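Here is the file model.csv (CSV, C-alpha atoms and all ligand atoms).
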chain,number,residue,atom,x,y,z
A,154,MET,CA,5.9,-14.2,10.2
A,155,SER,CA,9.4,-15.7,10.3
A,156,GLN,CA,11.3,-15.8,7.1
A,157,GLN,CA,12.0,-19.4,7.8
A,158,ASP,CA,8.3,-20.4,7.8
A,159,ASP,CA,7.7,-23.0,5.2
A,160,ILE,CA,3.9,-22.6,5.5
A,161,GLU,CA,2.2,-21.6,2.3
A,162,TYR,CA,0.3,-18.5,3.2
A,163,GLN,CA,-2.6,-17.0,1.2
A,164,LEU,CA,-2.2,-13.7,-0.7
A,165,ASP,CA,-4.0,-11.6,2.0
A,166,THR,CA,-1.7,-12.9,4.7
A,167,LEU,CA,1.4,-12.3,2.5
A,168,ALA,CA,0.3,-8.8,1.8
A,169,ILE,CA,0.3,-7.9,5.5
A,170,ARG,CA,3.0,-10.1,7.0
A,171,THR,CA,5.8,-10.8,4.4
A,172,GLY,CA,9.2,-9.1,4.7
A,173,HIS,CA,8.7,-7.4,8.1
A,174,THR,CA,12.0,-7.4,10.0
A,175,ARG,CA,11.9,-5.7,13.4
A,176,SER,CA,14.7,-3.6,14.8
A,177,PHE,CA,15.9,-4.3,18.4
A,178,GLU,CA,13.2,-1.8,19.6
A,179,GLY,CA,10.5,-4.3,18.8
A,180,GLU,CA,8.2,-1.9,17.0
A,181,HIS,CA,4.9,-3.3,15.6
A,182,SER,CA,4.7,-1.2,12.5
A,183,GLU,CA,7.5,-1.5,9.9
A,184,PRO,CA,10.3,1.0,10.7
A,185,ILE,CA,11.5,3.6,8.2
A,186,TYR,CA,15.3,3.5,7.9
A,187,LEU,CA,15.9,7.1,6.8
A,188,THR,CA,19.7,6.8,6.5
A,189,SER,CA,21.9,7.0,3.5
A,190,SER,CA,24.7,4.8,4.9
A,191,PHE,CA,25.4,2.2,7.5
A,192,VAL,CA,28.2,1.9,10.1
A,193,TYR,CA,30.3,-1.0,11.3
A,194,GLU,CA,31.9,-2.1,14.6
A,195,ASN,CA,35.3,-2.1,13.2
A,196,ALA,CA,37.4,-2.0,10.0
A,197,ALA,CA,37.3,-5.8,9.6
A,198,GLU,CA,33.4,-5.8,9.5
A,199,ALA,CA,33.5,-2.9,7.0
A,200,ALA,CA,35.9,-4.9,4.8
A,201,ALA,CA,33.7,-8.0,5.0
A,202,LYS,CA,30.6,-6.1,4.1
A,203,PHE,CA,32.2,-4.3,1.2
A,204,SER,CA,33.8,-7.5,-0.2
A,205,GLY,CA,30.5,-9.4,0.1
A,206,ALA,CA,32.0,-12.0,2.4
A,207,GLU,CA,29.3,-10.9,4.9
A,208,SER,CA,25.9,-9.8,3.9
A,209,GLY,CA,24.5,-6.5,5.2
A,210,ASN,CA,23.7,-2.9,4.3
A,211,ILE,CA,26.3,-0.5,3.0
A,212,TYR,CA,24.6,2.4,1.4
A,213,SER,CA,20.9,3.1,0.6
A,214,ARG,CA,21.5,3.3,-3.2
A,215,PHE,CA,22.4,-0.4,-3.0
A,216,THR,CA,20.1,-1.7,-0.2
A,217,ASN,CA,18.0,-0.3,2.6
A,218,PRO,CA,16.0,-2.4,5.1
A,219,THR,CA,12.7,-0.6,4.5
A,220,VAL,CA,13.1,-0.9,0.8
A,221,ALA,CA,14.0,-4.5,1.2
A,222,MET,CA,10.8,-5.1,3.2
A,223,PHE,CA,8.7,-3.7,0.3
A,224,GLU,CA,10.7,-5.7,-2.3
A,225,LYS,CA,10.1,-9.0,-0.4
A,226,ARG,CA,6.4,-8.3,0.1
A,227,LEU,CA,5.8,-7.4,-3.5
A,228,ALA,CA,7.8,-10.4,-4.8
A,229,ALA,CA,5.8,-12.7,-2.5
A,230,LEU,CA,2.5,-11.3,-3.8
A,231,GLU,CA,3.6,-11.7,-7.4
A,232,GLY,CA,4.9,-15.2,-6.9
A,233,GLY,CA,8.4,-14.0,-8.0
A,234,GLU,CA,11.7,-14.9,-6.5
A,235,ARG,CA,12.9,-11.3,-6.2
A,236,ALA,CA,11.8,-7.7,-6.7
A,237,VAL,CA,13.9,-4.6,-7.1
A,238,ALA,CA,12.3,-1.3,-6.2
A,239,THR,CA,12.9,1.9,-8.2
A,240,SER,CA,12.3,5.6,-7.8
A,241,SER,CA,9.3,5.5,-10.3
A,242,GLY,CA,7.5,3.3,-12.8
A,243,MET,CA,9.5,4.8,-15.6
A,244,ALA,CA,12.8,4.0,-13.8
A,245,ALA,CA,11.6,0.4,-13.5
A,246,ILE,CA,11.0,0.2,-17.3
A,247,MET,CA,14.4,1.9,-18.0
A,248,ALA,CA,16.1,-0.6,-15.7
A,249,VAL,CA,14.6,-3.5,-17.8
A,250,ALA,CA,15.8,-1.9,-21.0
A,251,MET,CA,19.3,-1.1,-19.7
A,252,SER,CA,19.7,-4.5,-18.1
A,253,PHE,CA,18.7,-6.7,-21.0
A,254,LEU,CA,19.3,-4.8,-24.2
A,255,LYS,CA,22.5,-3.9,-26.1
A,256,THR,CA,23.4,-2.4,-29.4
A,257,GLY,CA,22.0,-4.4,-32.3
A,258,ASP,CA,19.1,-5.8,-30.3
A,259,HIS,CA,15.4,-5.4,-31.2
A,260,VAL,CA,12.4,-4.8,-29.0
A,261,ILE,CA,8.7,-5.3,-29.8
A,262,CYS,CA,6.4,-3.1,-27.7
A,263,SER,CA,2.6,-3.0,-27.7
A,264,ARG,CA,1.4,0.3,-29.2
A,265,ALA,CA,-1.1,1.1,-26.5
A,266,VAL,CA,1.4,1.5,-23.7
A,267,PHE,CA,1.8,4.4,-21.2
A,268,GLY,CA,2.9,7.6,-23.2
A,269,SER,CA,6.3,7.9,-21.5
A,270,THR,CA,7.0,4.3,-22.2
A,271,VAL,CA,6.7,5.0,-26.0
A,272,SER,CA,9.1,8.0,-25.6
A,273,LEU,CA,11.5,5.9,-23.5
A,274,PHE,CA,11.9,3.3,-26.3
A,275,GLU,CA,11.5,5.6,-29.2
A,276,LYS,CA,13.7,8.5,-28.0
A,277,TYR,CA,16.2,7.1,-25.6
A,278,VAL,CA,16.6,3.3,-26.0
A,279,VAL,CA,17.1,3.8,-29.7
A,280,LYS,CA,20.1,6.0,-29.0
A,281,PHE,CA,21.9,2.9,-27.9
A,282,GLY,CA,21.4,1.2,-31.3
A,283,VAL,CA,18.4,-0.8,-30.3
A,284,ALA,CA,15.6,-1.1,-32.8
A,285,VAL,CA,12.0,-0.8,-31.6
A,286,ASP,CA,8.8,-1.8,-33.3
A,287,PHE,CA,5.3,-1.1,-32.0
A,288,VAL,CA,2.4,-3.5,-32.6
A,289,ASP,CA,-1.3,-3.9,-31.8
A,290,LEU,CA,-1.3,-5.8,-28.5
A,291,THR,CA,-4.3,-8.0,-29.5
A,292,ASP,CA,-2.9,-9.0,-32.9
A,293,LEU,CA,-0.8,-12.2,-32.3
A,294,ASP,CA,0.1,-12.4,-36.0
A,295,ALA,CA,1.5,-8.8,-35.8
A,296,TRP,CA,3.8,-9.9,-32.9
A,297,LYS,CA,4.9,-13.0,-34.8
A,298,ASN,CA,5.7,-11.1,-38.0
A,299,ALA,CA,7.6,-8.5,-36.0
A,300,VAL,CA,10.0,-11.0,-34.5
A,301,ARG,CA,13.5,-11.0,-35.8
A,302,PRO,CA,16.6,-13.0,-34.8
A,303,GLU,CA,17.8,-10.0,-32.9
A,304,THR,CA,14.5,-9.6,-30.9
A,305,LYS,CA,15.4,-9.8,-27.2
A,306,LEU,CA,12.4,-8.2,-25.5
A,307,LEU,CA,8.7,-8.2,-25.8
A,308,PHE,CA,7.1,-5.4,-23.7
A,309,VAL,CA,3.3,-5.3,-23.1
A,310,GLU,CA,0.8,-3.5,-20.9
A,311,SER,CA,-2.4,-5.4,-20.4
A,312,PRO,CA,-5.1,-4.3,-20.0
A,313,SER,CA,-4.3,-1.3,-22.2
A,314,ASN,CA,-5.0,2.3,-21.3
A,315,PRO,CA,-7.7,3.5,-21.8
A,316,LEU,CA,-9.6,1.0,-24.0
A,317,ALA,CA,-8.9,-2.1,-21.8
A,318,GLU,CA,-7.7,-4.3,-24.7
A,319,ILE,CA,-6.3,-7.6,-23.5
A,320,ALA,CA,-3.0,-9.2,-24.6
A,321,ASP,CA,-2.7,-13.0,-24.5
A,322,ILE,CA,0.2,-13.2,-22.0
A,323,GLN,CA,0.7,-16.9,-22.3
A,324,ALA,CA,0.8,-16.8,-26.1
A,325,LEU,CA,3.3,-13.9,-26.0
A,326,ALA,CA,5.5,-15.7,-23.5
A,327,ASP,CA,5.6,-18.8,-25.8
A,328,LEU,CA,6.5,-16.5,-28.8
A,329,ALA,CA,9.2,-14.7,-26.8
A,330,HIS,CA,10.7,-18.0,-25.5
A,331,ALA,CA,10.7,-19.6,-28.9
A,332,ASN,CA,13.0,-16.7,-29.9
A,333,ASP,CA,15.2,-16.7,-26.7
A,334,ALA,CA,13.6,-13.3,-25.9
A,335,LEU,CA,12.2,-12.1,-22.6
A,336,LEU,CA,8.6,-11.1,-22.0
A,337,ALA,CA,8.0,-8.1,-19.7
A,338,ILE,CA,4.5,-7.1,-18.6
A,339,ASP,CA,3.6,-3.7,-17.1
A,340,ASN,CA,1.1,-4.9,-14.5
A,341,SER,CA,0.3,-1.5,-12.9
A,342,PHE,CA,-3.4,-1.6,-13.8
A,343,CYS,CA,-4.1,-5.1,-12.4
A,344,THR,CA,-1.5,-5.5,-9.6
A,345,PRO,CA,-0.7,-9.0,-8.4
A,346,ILE,CA,-4.2,-9.2,-6.8
A,347,LEU,CA,-5.9,-9.4,-10.2
A,348,GLN,CA,-3.2,-10.7,-12.5
A,349,GLN,CA,0.1,-12.6,-12.0
A,350,PRO,CA,2.0,-12.5,-15.3
A,351,LEU,CA,4.9,-14.7,-14.1
A,352,LYS,CA,2.5,-17.6,-13.6
A,353,LEU,CA,1.3,-17.0,-17.2
A,354,GLY,CA,4.9,-17.4,-18.4
A,355,ALA,CA,6.1,-13.8,-18.4
A,356,ASP,CA,9.8,-13.3,-17.3
A,357,LEU,CA,9.5,-9.8,-15.8
A,358,VAL,CA,6.8,-7.8,-14.3
A,359,VAL,CA,7.2,-4.0,-14.0
A,360,TYR,CA,5.2,-1.6,-11.8
A,361,SER,CA,4.4,1.9,-11.4
A,362,ALA,CA,3.9,1.7,-7.7
A,363,THR,CA,2.6,5.2,-7.9
A,364,LYS,CA,-0.8,3.9,-9.0
A,365,TYR,CA,-2.6,1.1,-7.2
A,366,LEU,CA,0.2,-0.2,-5.0
A,367,ASP,CA,0.2,3.1,-3.1
A,368,GLY,CA,-3.5,3.6,-4.0
A,369,GLN,CA,-3.7,7.0,-2.3
A,370,GLY,CA,-1.7,9.2,-4.6
A,371,ARG,CA,1.1,9.9,-2.1
A,372,ALA,CA,4.4,8.7,-3.5
A,373,LEU,CA,6.2,7.9,-6.7
A,374,GLY,CA,7.8,4.5,-7.1
A,375,GLY,CA,8.3,1.5,-9.2
A,376,ALA,CA,9.5,-2.1,-9.2
A,377,VAL,CA,10.7,-5.0,-11.3
A,378,VAL,CA,9.8,-8.6,-10.3
A,379,GLY,CA,11.2,-11.9,-11.7
A,380,ASN,CA,13.6,-14.7,-11.0
A,381,HIS,CA,16.9,-14.4,-9.1
A,382,LYS,CA,19.1,-14.6,-12.2
A,383,LEU,CA,17.3,-11.8,-14.1
A,384,LEU,CA,16.8,-9.6,-11.0
A,385,GLU,CA,20.4,-9.7,-10.2
A,386,GLU,CA,21.0,-7.9,-13.5
A,387,VAL,CA,18.3,-5.3,-12.6
A,388,PHE,CA,19.7,-4.9,-9.1
A,389,ALA,CA,23.2,-4.3,-10.5
A,390,TYR,CA,21.9,-1.7,-12.9
A,391,VAL,CA,19.9,0.2,-10.2
A,392,ARG,CA,22.7,0.1,-7.6
A,393,THR,CA,25.2,1.4,-10.1
A,394,THR,CA,23.1,4.1,-11.9
A,395,GLY,CA,21.0,5.2,-8.9
A,396,PRO,CA,17.2,5.2,-9.6
A,397,SER,CA,16.7,3.6,-6.2
A,398,MET,CA,13.5,3.9,-4.1
A,399,SER,CA,13.5,6.2,-1.1
A,400,PRO,CA,13.0,4.4,2.2
A,401,PHE,CA,10.1,6.7,3.1
A,402,ASN,CA,8.3,5.9,-0.2
A,403,ALA,CA,9.0,2.2,0.4
A,404,TRP,CA,7.2,2.5,3.7
A,405,VAL,CA,4.2,4.2,2.0
A,406,PHE,CA,4.0,1.3,-0.5
A,407,LEU,CA,4.4,-1.3,2.3
A,408,LYS,CA,1.3,0.2,3.9
A,409,GLY,CA,-0.4,0.3,0.5
A,410,LEU,CA,0.2,-3.4,-0.1
A,411,GLU,CA,-1.5,-4.2,3.2
A,412,THR,CA,-4.9,-3.0,1.8
A,413,LEU,CA,-4.3,-3.7,-1.8
A,414,SER,CA,-6.4,-6.8,-2.0
A,415,LEU,CA,-9.4,-5.2,-0.4
A,416,ARG,CA,-9.0,-2.1,-2.5
A,417,MET,CA,-8.6,-3.9,-5.8
A,418,LYS,CA,-11.8,-6.0,-5.2
A,419,ALA,CA,-13.7,-2.8,-4.3
A,420,HIS,CA,-12.4,-0.9,-7.3
A,421,SER,CA,-13.3,-3.8,-9.6
A,422,SER,CA,-16.8,-4.2,-8.1
A,423,SER,CA,-17.6,-0.5,-8.3
A,424,ALA,CA,-16.2,-0.2,-11.8
A,425,GLN,CA,-18.3,-3.1,-13.0
A,426,LYS,CA,-21.5,-1.4,-11.6
A,427,ILE,CA,-20.6,1.9,-13.2
A,428,ALA,CA,-19.7,0.3,-16.6
A,429,GLU,CA,-23.0,-1.6,-16.6
A,430,TRP,CA,-24.9,1.6,-15.7
A,431,LEU,CA,-23.0,3.6,-18.4
A,432,ASN,CA,-24.0,1.0,-20.9
A,433,THR,CA,-27.7,1.8,-20.4
A,434,HIS,CA,-27.3,5.6,-20.6
A,435,PRO,CA,-28.8,7.0,-23.9
A,436,GLN,CA,-26.0,9.5,-24.3
A,437,VAL,CA,-23.2,6.9,-24.1
A,438,LYS,CA,-22.1,5.4,-27.4
A,439,LYS,CA,-19.7,2.8,-26.1
A,440,VAL,CA,-18.2,1.5,-22.9
A,441,TYR,CA,-14.7,0.0,-22.7
A,442,PHE,CA,-14.4,-2.3,-19.7
A,443,ALA,CA,-13.3,-5.9,-20.0
A,444,GLY,CA,-15.9,-6.9,-17.3
A,445,LEU,CA,-18.7,-6.3,-19.8
A,446,VAL,CA,-19.5,-9.5,-21.7
A,447,ASP,CA,-19.7,-7.7,-25.0
A,448,HIS,CA,-16.1,-6.3,-24.6
A,449,ILE,CA,-13.8,-7.8,-27.2
A,450,GLY,CA,-11.3,-8.9,-24.6
A,451,HIS,CA,-13.8,-10.2,-22.0
A,452,ALA,CA,-13.1,-14.0,-22.4
A,453,LEU,CA,-9.4,-13.6,-22.3
A,454,ALA,CA,-9.5,-11.2,-19.4
A,455,ALA,CA,-11.7,-13.6,-17.5
A,456,LYS,CA,-9.2,-16.4,-18.2
A,457,GLN,CA,-6.0,-14.6,-17.2
A,458,GLN,CA,-7.2,-12.1,-14.6
A,459,THR,CA,-9.2,-12.7,-11.4
A,460,GLY,CA,-11.0,-9.3,-11.7
A,461,PHE,CA,-11.4,-6.5,-14.3
A,462,GLY,CA,-9.9,-3.6,-12.4
A,463,GLY,CA,-11.0,-0.1,-11.8
A,464,ILE,CA,-10.5,1.7,-15.1
A,465,VAL,CA,-13.6,2.4,-17.2
A,466,ALA,CA,-13.5,4.3,-20.5
A,467,PHE,CA,-16.6,5.5,-22.3
A,468,GLU,CA,-17.5,7.4,-25.4
A,469,VAL,CA,-20.3,9.9,-25.2
A,470,LYS,CA,-22.4,11.0,-28.2
A,471,GLY,CA,-21.0,14.2,-29.7
A,472,GLU,CA,-17.4,15.4,-29.7
A,473,ARG,CA,-15.0,17.2,-27.4
A,474,GLU,CA,-17.7,19.6,-26.2
A,475,SER,CA,-19.9,16.8,-24.9
A,476,ALA,CA,-17.0,15.0,-23.2
A,477,TRP,CA,-15.8,18.2,-21.5
A,478,LYS,CA,-19.4,18.9,-20.3
A,479,VAL,CA,-19.5,15.6,-18.5
A,480,ILE,CA,-16.1,16.2,-16.9
A,481,ASP,CA,-16.9,19.8,-16.0
A,482,ASN,CA,-20.2,19.0,-14.4
A,483,THR,CA,-18.7,16.5,-11.8
A,484,LYS,CA,-18.7,17.9,-8.3
A,485,PHE,CA,-16.2,15.7,-6.5
A,486,ILE,CA,-14.5,13.4,-9.0
A,487,SER,CA,-10.9,14.8,-9.5
A,488,ILE,CA,-10.1,16.1,-13.0
A,489,THR,CA,-6.6,14.7,-13.3
A,490,GLY,CA,-4.6,12.3,-15.5
A,491,ASN,CA,-3.6,10.2,-12.5
A,492,LEU,CA,-5.3,6.9,-11.7
A,493,GLY,CA,-5.4,4.0,-9.3
A,494,ASP,CA,-6.4,6.2,-6.3
A,495,VAL,CA,-9.1,5.8,-3.7
A,496,LYS,CA,-10.3,9.1,-5.1
A,497,SER,CA,-12.1,8.7,-8.4
A,498,THR,CA,-10.4,10.6,-11.2
A,499,ILE,CA,-11.7,11.6,-14.7
A,500,THR,CA,-9.8,12.7,-17.8
A,501,HIS,CA,-10.3,13.4,-21.5
A,502,PRO,CA,-7.5,11.3,-23.1
A,503,ALA,CA,-7.6,13.1,-26.5
A,504,THR,CA,-6.5,16.4,-24.9
A,505,THR,CA,-4.5,15.2,-21.9
A,506,THR,CA,-2.8,11.8,-21.6
A,507,HIS,CA,-2.8,11.2,-25.4
A,508,GLY,CA,-2.8,14.9,-26.4
A,509,LYS,CA,0.7,14.7,-28.0
A,510,LEU,CA,-0.4,12.1,-30.5
A,511,SER,CA,-1.1,13.2,-34.1
A,512,ALA,CA,-4.7,13.0,-35.3
A,513,GLU,CA,-3.9,9.8,-37.3
A,514,ALA,CA,-2.2,8.2,-34.3
A,515,LYS,CA,-5.2,9.0,-32.1
A,516,LEU,CA,-7.5,7.5,-34.6
A,517,ALA,CA,-5.3,4.4,-34.8
A,518,ALA,CA,-5.3,4.1,-31.0
A,519,GLY,CA,-9.1,4.6,-30.8
A,520,ILE,CA,-8.8,7.8,-28.8
A,521,GLY,CA,-11.8,9.8,-30.0
A,522,GLU,CA,-12.9,13.3,-29.0
A,523,GLY,CA,-15.9,11.9,-27.2
A,524,LEU,CA,-13.8,9.5,-25.1
A,525,ILE,CA,-13.6,9.9,-21.3
A,526,ARG,CA,-11.5,7.8,-18.9
A,527,LEU,CA,-12.6,7.2,-15.4
A,528,SER,CA,-10.5,5.7,-12.6
A,529,VAL,CA,-13.1,4.4,-10.3
A,530,GLY,CA,-12.3,5.2,-6.7
A,531,LEU,CA,-13.7,4.0,-3.4
A,532,GLU,CA,-16.3,6.7,-2.8
A,533,ASP,CA,-19.9,5.4,-2.6
A,534,VAL,CA,-20.6,3.9,-6.0
A,535,ASP,CA,-24.0,5.6,-6.3
A,536,ASP,CA,-22.4,9.0,-5.5
A,537,ILE,CA,-19.9,8.4,-8.3
A,538,ILE,CA,-22.7,7.4,-10.8
A,539,ALA,CA,-24.7,10.6,-9.8
A,540,ASP,CA,-21.5,12.7,-10.3
A,541,ILE,CA,-21.2,11.4,-13.9
A,542,LYS,CA,-24.9,11.4,-14.6
A,543,ARG,CA,-25.1,15.2,-13.9
A,544,GLY,CA,-23.2,16.1,-17.1
A,545,LEU,CA,-24.5,13.2,-19.2
A,546,ASP,CA,-28.1,14.3,-18.6
A,547,LEU,CA,-27.3,17.7,-20.0
A,548,LEU,CA,-26.2,16.3,-23.4
B,601,LIG,C1,2.0,5.7,-14.5
B,601,LIG,C2,2.4,4.6,-15.3
B,601,LIG,C3,3.7,4.4,-15.6
B,601,LIG,C4,4.8,5.3,-15.2
B,601,LIG,O1,5.0,5.3,-13.8
B,601,LIG,P1,5.6,6.5,-12.9
B,601,LIG,O2,5.5,6.0,-11.6
B,601,LIG,O3,4.7,7.7,-13.2
B,601,LIG,O4,7.0,6.7,-13.4
B,601,LIG,C5,4.1,3.2,-16.3
B,601,LIG,N1,3.1,2.4,-16.7
B,601,LIG,C6,1.8,2.6,-16.4
B,601,LIG,C7,0.8,1.6,-16.9
B,601,LIG,C8,1.4,3.7,-15.7
B,601,LIG,O5,0.1,3.9,-15.5

Output the file's structure in the form of structure tokens.
Amino acid sequence: MSQQDDIEYQLDTLAIRTGHTRSFEGEHSEPIYLTSSFVYENAAEAAAKFSGAESGNIYSRFTNPTVAMFEKRLAALEGGERAVATSSGMAAIMAVAMSFLKTGDHVICSRAVFGSTVSLFEKYVVKFGVAVDFVDLTDLDAWKNAVRPETKLLFVESPSNPLAEIADIQALADLAHANDALLAIDNSFCTPILQQPLKLGADLVVYSATKYLDGQGRALGGAVVGNHKLLEEVFAYVRTTGPSMSPFNAWVFLKGLETLSLRMKAHSSSAQKIAEWLNTHPQVKKVYFAGLVDHIGHALAAKQQTGFGGIVAFEVKGERESAWKVIDNTKFISITGNLGDVKSTITHPATTTHGKLSAEAKLAAGIGEGLIRLSVGLEDVDDIIADIKRGLDLL
């Protein structure tokens, strides 16, 4: 599609067509520009490009055509004005912190965020004299009480990992804006197909593209999405300090975006079936999946998401031994902490992703020894159920 089109395309069209610029060769698939720098016809053109008088590529730490295609496509899906790609999801979160926080500022972060996000704020961001508080993502009063005049950023991951708790994004956006603060949402679990935080009032959306945007476990990457004014700051930080996305990875993610909608719908539909089935198994104590009507976040998730995603957590009767038995008796589900892949993955959060937490912190986060997290892949859903049932029936 031409960038000049003023037609309003649907999400599935944007995912496949946005941002594609062809080289003079006329290739059909998006080209990978594996080049660190760009050359000019003459010194005057170089000078114009460097001064900004003329737009164009200079160096791939700043801009690269393949990376730009990915950025345009993701921004279009998210309904954002601009996206900046980064080398990983953590680099995207650090870019937000470094772009919008300074000494004396205060951040409120939901407690149940990705483990490295906690360390990023608690260990590194605090070094710059920024104070950080962690609160329960579902407790609006806790957010309100944590706000101080210096609060500049609210950071949330919703749904949470692994218990699928849901934050009220609109309410948090109102709270942030009443205090002249920004709201950033880590949307890696939902992707723009299932949730569009900017439309709910969030200012920034961050991604680990490593998860569902790729969807096939091939490449590390991340992105920040938002309006031109905010993203100019993020772009300046990334081009100066260097956590830029590689052109090859950008190409992988471009291909990932093309099938994202189909994949997210299939992940969600299989996860729903599996969650409902787990709910009926006598050895399962509790299932955590917002698509179940008895899940505490169901109504809110139904309001702000268009699907419930592919992550299902469940607690088996018994302790670690029972959970490990279920995991060890699978035949094809991958035992790994990664998620968002066409391949189903299974993990025991208490001894892997949340293994570093103290016993009290695990208790507070609801990470029991009997808890298992499943990232539902795109294998046949009955085969996935049979693979989990094998161990469950032995308990
Ligand atoms: C994986 C993940 C991250 C970190 O992303 P990387 O690409 O591994 O750096 C951040 N947030 C969430 C929700 C994640 O799942």

Could you list the protein, DNA and RNA residues that have any atom within 8 Å of ligand LIG 601 (chain B), counting only C-alpha atoms and all ligand atoms, and write them as a PyMOL selection string?
chain A and resi 240-246+266-267+269-270+310+313-314+339-342+360-364+373-375+491-492

Just the number, please: distance in Å from atom CA of A:Pro350 to atom CA of A:Ile322, one decimal.
7.0 Å

Please indicate the distance in Å from atom CA of A:Tyr193 to atom CA of A:Asn217, rounded to one decimal place.
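Computing it gives 15.1 Å between the two atoms.
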
Taking (-13.6, 14.1, -8.4) in the coordinates of the supplied file, I want to know which residues reach to within 8 Å of it, counting only C-alpha atoms; could you give the answer as a list of chain:residue names?
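Output of the proximity query reads A:Thr483, A:Lys484, A:Phe485, A:Ile486, A:Ser487, A:Ile488, A:Lys496, A:Ser497, A:Thr498, A:Ile499.
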
Please write the residues from the selection above to a file, keeping C-alpha atoms, as a short mmCIF file (atom, residue, chain, number, x, y, z; two decimals), in the frame of the given file.
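Saved file result19.cif follows:
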data_model
loop_
_atom_site.label_atom_id
_atom_site.label_comp_id
_atom_site.auth_asym_id
_atom_site.auth_seq_id
_atom_site.Cartn_x
_atom_site.Cartn_y
_atom_site.Cartn_z
CA THR A 483 -18.70 16.50 -11.80
CA LYS A 484 -18.70 17.90 -8.30
CA PHE A 485 -16.20 15.70 -6.50
CA ILE A 486 -14.50 13.40 -9.00
CA SER A 487 -10.90 14.80 -9.50
CA ILE A 488 -10.10 16.10 -13.00
CA LYS A 496 -10.30 9.10 -5.10
CA SER A 497 -12.10 8.70 -8.40
CA THR A 498 -10.40 10.60 -11.20
CA ILE A 499 -11.70 11.60 -14.70
#

Within 10 Å of file point (-14.0, 10.5, -15.6), counting all atoms listed in the file, expressed as number ranges by chain
A: 464-467, 476-477, 479-481, 483, 486-490, 497-502, 524-529, 537, 540-541

Write out as a list in words each polymer residue whose atoms come within 9 Å of stretch 390-396 of chain A, counting only C-alpha atoms; drop sequence neighbours fewer than 4 positions from it.
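That gives Ser213, Arg214, Phe215, Thr216, Val237, Ala238, Thr239, Ser240, Ser241, Ala244, Ala245, Ala248, Val249, Met251, Ser252, Glu385 and Glu386 of chain A.
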
With only C-alpha atoms as the atoms that count, which of A:Gln458, A:His451, A:Arg235, A:Gly521 lies nearest to A:Lys382?
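With only C-alpha atoms as the atom set, the closest residue is A:Arg235.
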
Measuring atom to atom with all atoms listed in the file, identify which of A:Pro400, A:Gln348, A:Asp535, A:Ala317 is nearest to A:His448.
A:Ala317

Compare A:Asp333, A:Val358, A:Thr256, A:Ala512 by their minimum atom-to-atom distance to A:Val387, counting all atoms listed in the file, and give me the closest one.
A:Val358

For each of A:Lys305, A:Lys202, A:Arg175, A:Lys352, take the minimum atom-to-atom distance to A:Gly233, counting only C-alpha atoms, then give the residue where this is smallest.
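Smallest separation from A:Gly233 among the options: A:Lys352.
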
Among the residues A:Gln457, A:Met398, A:Lys542, A:His507, the one that comes closest to A:Thr433 [using all atoms listed in the file]:
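Of A:Gln457, A:Met398, A:Lys542, A:His507, the one nearest A:Thr433 is A:Lys542, counting all atoms listed in the file.
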
Skip A:Ala250 itself and residues of its chain fewer than 6 positions away, then list as number ranges by chain all residues within 9 Å of it, counting all atoms listed in the file.
A: 274, 278, 306

Extract, using only C-alpha atoms, all DNA, RNA and protein residues at most 12 Å from stretch 287-296 of chain A, discarding same-chain residues fewer than 4 positions from it, and format them as number ranges by chain.
A: 259-266, 270-272, 274-275, 300-301, 304, 306-314, 316-329, 332, 336, 338, 449-450, 453-454, 517-519

Would you mind exporting C-alpha atoms of the selected residues as a compact mmCIF listing (two decimals), in the frame of the given file?
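Result went into selection.txt, see below:
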# COMPACT_ATOMS: atom_id res chain seq x y z
CA HIS A 259 15.40 -5.40 -31.20
CA VAL A 260 12.40 -4.80 -29.00
CA ILE A 261 8.70 -5.30 -29.80
CA CYS A 262 6.40 -3.10 -27.70
CA SER A 263 2.60 -3.00 -27.70
CA ARG A 264 1.40 0.30 -29.20
CA ALA A 265 -1.10 1.10 -26.50
CA VAL A 266 1.40 1.50 -23.70
CA THR A 270 7.00 4.30 -22.20
CA VAL A 271 6.70 5.00 -26.00
CA SER A 272 9.10 8.00 -25.60
CA PHE A 274 11.90 3.30 -26.30
CA GLU A 275 11.50 5.60 -29.20
CA VAL A 300 10.00 -11.00 -34.50
CA ARG A 301 13.50 -11.00 -35.80
CA THR A 304 14.50 -9.60 -30.90
CA LEU A 306 12.40 -8.20 -25.50
CA LEU A 307 8.70 -8.20 -25.80
CA PHE A 308 7.10 -5.40 -23.70
CA VAL A 309 3.30 -5.30 -23.10
CA GLU A 310 0.80 -3.50 -20.90
CA SER A 311 -2.40 -5.40 -20.40
CA PRO A 312 -5.10 -4.30 -20.00
CA SER A 313 -4.30 -1.30 -22.20
CA ASN A 314 -5.00 2.30 -21.30
CA LEU A 316 -9.60 1.00 -24.00
CA ALA A 317 -8.90 -2.10 -21.80
CA GLU A 318 -7.70 -4.30 -24.70
CA ILE A 319 -6.30 -7.60 -23.50
CA ALA A 320 -3.00 -9.20 -24.60
CA ASP A 321 -2.70 -13.00 -24.50
CA ILE A 322 0.20 -13.20 -22.00
CA GLN A 323 0.70 -16.90 -22.30
CA ALA A 324 0.80 -16.80 -26.10
CA LEU A 325 3.30 -13.90 -26.00
CA ALA A 326 5.50 -15.70 -23.50
CA ASP A 327 5.60 -18.80 -25.80
CA LEU A 328 6.50 -16.50 -28.80
CA ALA A 329 9.20 -14.70 -26.80
CA ASN A 332 13.00 -16.70 -29.90
CA LEU A 336 8.60 -11.10 -22.00
CA ILE A 338 4.50 -7.10 -18.60
CA ILE A 449 -13.80 -7.80 -27.20
CA GLY A 450 -11.30 -8.90 -24.60
CA LEU A 453 -9.40 -13.60 -22.30
CA ALA A 454 -9.50 -11.20 -19.40
CA ALA A 517 -5.30 4.40 -34.80
CA ALA A 518 -5.30 4.10 -31.00
CA GLY A 519 -9.10 4.60 -30.80
